[in-house]
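**Q** Okay, handing you the structure first.
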Amino acid sequence: MTNNKNNIIIKNLHAKVAGKTVLNGVDLKLRLGKLVALMGPNGSGKSTLANILMGNPEYEVTGGQIIWQGKNILKKSIDERARMGLFLSFQYPHELPGVNMYEFLSTSFRILHGDEAMKDFDTKLTNLLQKFKLNEKFLDRNVNVGFSGGEKKKNEMLQLALFDPKFSILDETDSGLDIDALKLIAKNVNNIRTPNNGFLVITHYQRLLNFLKPDEVHVLVNGKIVKSGGVELVKQLEKKGYDWLK
Ligand SMILES: Nc1ncnc2c1ncn2[C@@H]1O[C@H](COP(=O)(O)OP(=O)(O)O)[C@@H](O)[C@H]1O
Ligand SMILES: [Mg+2]
């Protein structure tokens, strides 16, 4: 028996962006302990779904529900959702000029985990910098300013590992990564996985999923899930592309 309190349930979700309908009734369940892959061609609405899960106000929900911890979370703000354990790793991480990395990480960590947890913060952070092969000087820089594509993605994954969310959404974390960075990130994500956290991994390539081994694979086309399956579906898509599903 799965307890619905441990799931994020997306029901018949409809949404618009910049006046245009992008999601046309998405149904999807995310479960603690599971890694769900969401694939689909460019422009199919994957990032829109990710942004709506996190509560980005630029995206207008026109119908449906997102239930987490037994509550419809659609009216909750981004920071409330973060405190409820949701985390989004951006496809295009934002540069924050004037915001120091250490300040950003420590302030966010304090908000999420409280003053008491700060006693372990520096040890955790140093440990994670090593795991992601990042230099201590990284912490003196401004968030994402002048970072390479790989450093930006590593920064997203460092936050994921540090903040220890219940559900993580990884939006095209693999894009722009060389194979070594990809393997390093995949290894760290695999290490973070426990029966008490869940992942939605968005990608349109096989290569990240070769390392992450999804429990379920769903394909989004024109704002609707058109096909669901297991890892075998990833191989099928790699061979046949997406046209046969349109
Ligand atoms: N902030 C935005 N402003 C205007 N149009 C957007 C915005 N975000 C997404 N769109 C449009 O919504 C559609 C779906 O985009 P997106 O969700 O980014 O797709 P995917 O991530 O699957 O490539 C596209 O046509 C895209 O141009
Ligand atoms: Mg996208």
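Residues in the structure tokens are named by chain (A, B, ... in the order shown) and by number from 1 within that chain; ligands are numbered from 1 in the order shown.
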I'd like a table as a Markdown table: residues in stretch 137-177 of chain A with an atom no more than 10 Å from stretch 47-62 of chain A, each row giving the shortest atom pair and its distance in Å to one decimal, only C-alpha atoms counted, sorted by chain and rising residue number.
**A**
```
| residue | atom | partner | partner_atom | distance |
| --- | --- | --- | --- | --- |
| A:Ser168 | CA | A:Met54 | CA | 9.9 |
| A:Ile169 | CA | A:Ala50 | CA | 6.7 |
| A:Leu170 | CA | A:Ala50 | CA | 8.3 |
| A:Asp171 | CA | A:Ser47 | CA | 6.6 |
| A:Glu172 | CA | A:Ser47 | CA | 8.7 |
```
**Q** Within 7 Å of stretch 93-100 of chain A, counting only C-alpha atoms, which residues show up once you throw out same-chain ones fewer than 3 positions away? Write them as an MDAnalysis selection string, please.
**A** chainID A and resid 90 103:104 140:145 152
**Q** May I have the residues within 6 Å of ligand 1, computed using only C-alpha atoms and all ligand atoms, as a ChimeraX atom specification?
**A** /A:17-18,22,42-48
**Q** Considering only C-alpha atoms, return as a PDB file with C-alpha atoms, in the first residue's frame whatever protein or nucleic-acid residues lie within 12 Å of stretch 226-240 of chain A, sequence-local ones (same chain, fewer than 5 positions apart) excluded.
**A**
```pdb
ATOM      1  CA  ASN A  24      -3.401  20.164 -21.668  1.00  0.00           C
ATOM      2  CA  GLY A  25      -4.298  17.872 -18.768  1.00  0.00           C
ATOM      3  CA  VAL A  26      -1.198  16.326 -17.212  1.00  0.00           C
ATOM      4  CA  ASP A  27      -1.647  13.424 -14.789  1.00  0.00           C
ATOM      5  CA  LEU A  28       1.468  12.254 -12.983  1.00  0.00           C
ATOM      6  CA  LYS A  29       2.371  10.811  -9.615  1.00  0.00           C
ATOM      7  CA  LEU A  35      12.991   8.373  -9.682  1.00  0.00           C
ATOM      8  CA  VAL A  36      10.611   9.341 -12.453  1.00  0.00           C
ATOM      9  CA  ALA A  37      11.931  10.432 -15.838  1.00  0.00           C
ATOM     10  CA  LEU A  38      10.007  12.915 -17.962  1.00  0.00           C
ATOM     11  CA  MET A  39      11.042  13.032 -21.595  1.00  0.00           C
ATOM     12  CA  GLY A  40       9.642  14.784 -24.643  1.00  0.00           C
ATOM     13  CA  PRO A  41      10.541  16.977 -27.601  1.00  0.00           C
ATOM     14  CA  SER A  44       6.355  20.057 -25.199  1.00  0.00           C
ATOM     15  CA  THR A 203      15.700  15.203 -20.106  1.00  0.00           C
ATOM     16  CA  HIS A 204      15.422  14.399 -23.767  1.00  0.00           C
ATOM     17  CA  TYR A 205      18.476  12.181 -23.963  1.00  0.00           C
ATOM     18  CA  GLN A 206      19.234   8.654 -22.920  1.00  0.00           C
ATOM     19  CA  ARG A 207      22.702   9.307 -21.525  1.00  0.00           C
ATOM     20  CA  LEU A 208      21.796  10.687 -18.078  1.00  0.00           C
ATOM     21  CA  LEU A 209      19.175   7.972 -17.615  1.00  0.00           C
ATOM     22  CA  ASN A 210      21.778   5.279 -18.346  1.00  0.00           C
ATOM     23  CA  PHE A 211      23.407   6.347 -15.092  1.00  0.00           C
ATOM     24  CA  LEU A 212      20.299   7.197 -13.044  1.00  0.00           C
ATOM     25  CA  LYS A 213      18.091   4.174 -13.798  1.00  0.00           C
ATOM     26  CA  PRO A 214      14.553   5.578 -13.607  1.00  0.00           C
ATOM     27  CA  ASP A 215      11.744   3.583 -12.008  1.00  0.00           C
ATOM     28  CA  GLU A 216       9.236   5.052 -14.462  1.00  0.00           C
ATOM     29  CA  VAL A 217       9.478   6.924 -17.758  1.00  0.00           C
ATOM     30  CA  HIS A 218       6.803   9.275 -19.117  1.00  0.00           C
ATOM     31  CA  VAL A 219       6.710  11.121 -22.416  1.00  0.00           C
ATOM     32  CA  LEU A 220       5.170  14.578 -22.686  1.00  0.00           C
ATOM     33  CA  VAL A 221       4.044  15.741 -26.131  1.00  0.00           C
ATOM     34  CA  LEU A 245       4.133   9.694 -30.624  1.00  0.00           C
ATOM     35  CA  LYS A 246       2.940  13.023 -32.021  1.00  0.00           C
TER      36      LYS A 246
END
```
**Q** Among stretch 34-123 of chain A, which residues does DSSP mark as strand (DSSP E) when it is run on the backbone? Keep the chain and numbering as in the structure and answer as a PyMOL selection string.
**A** chain A and resi 35-39+59-68+71-72+86-89+96-100
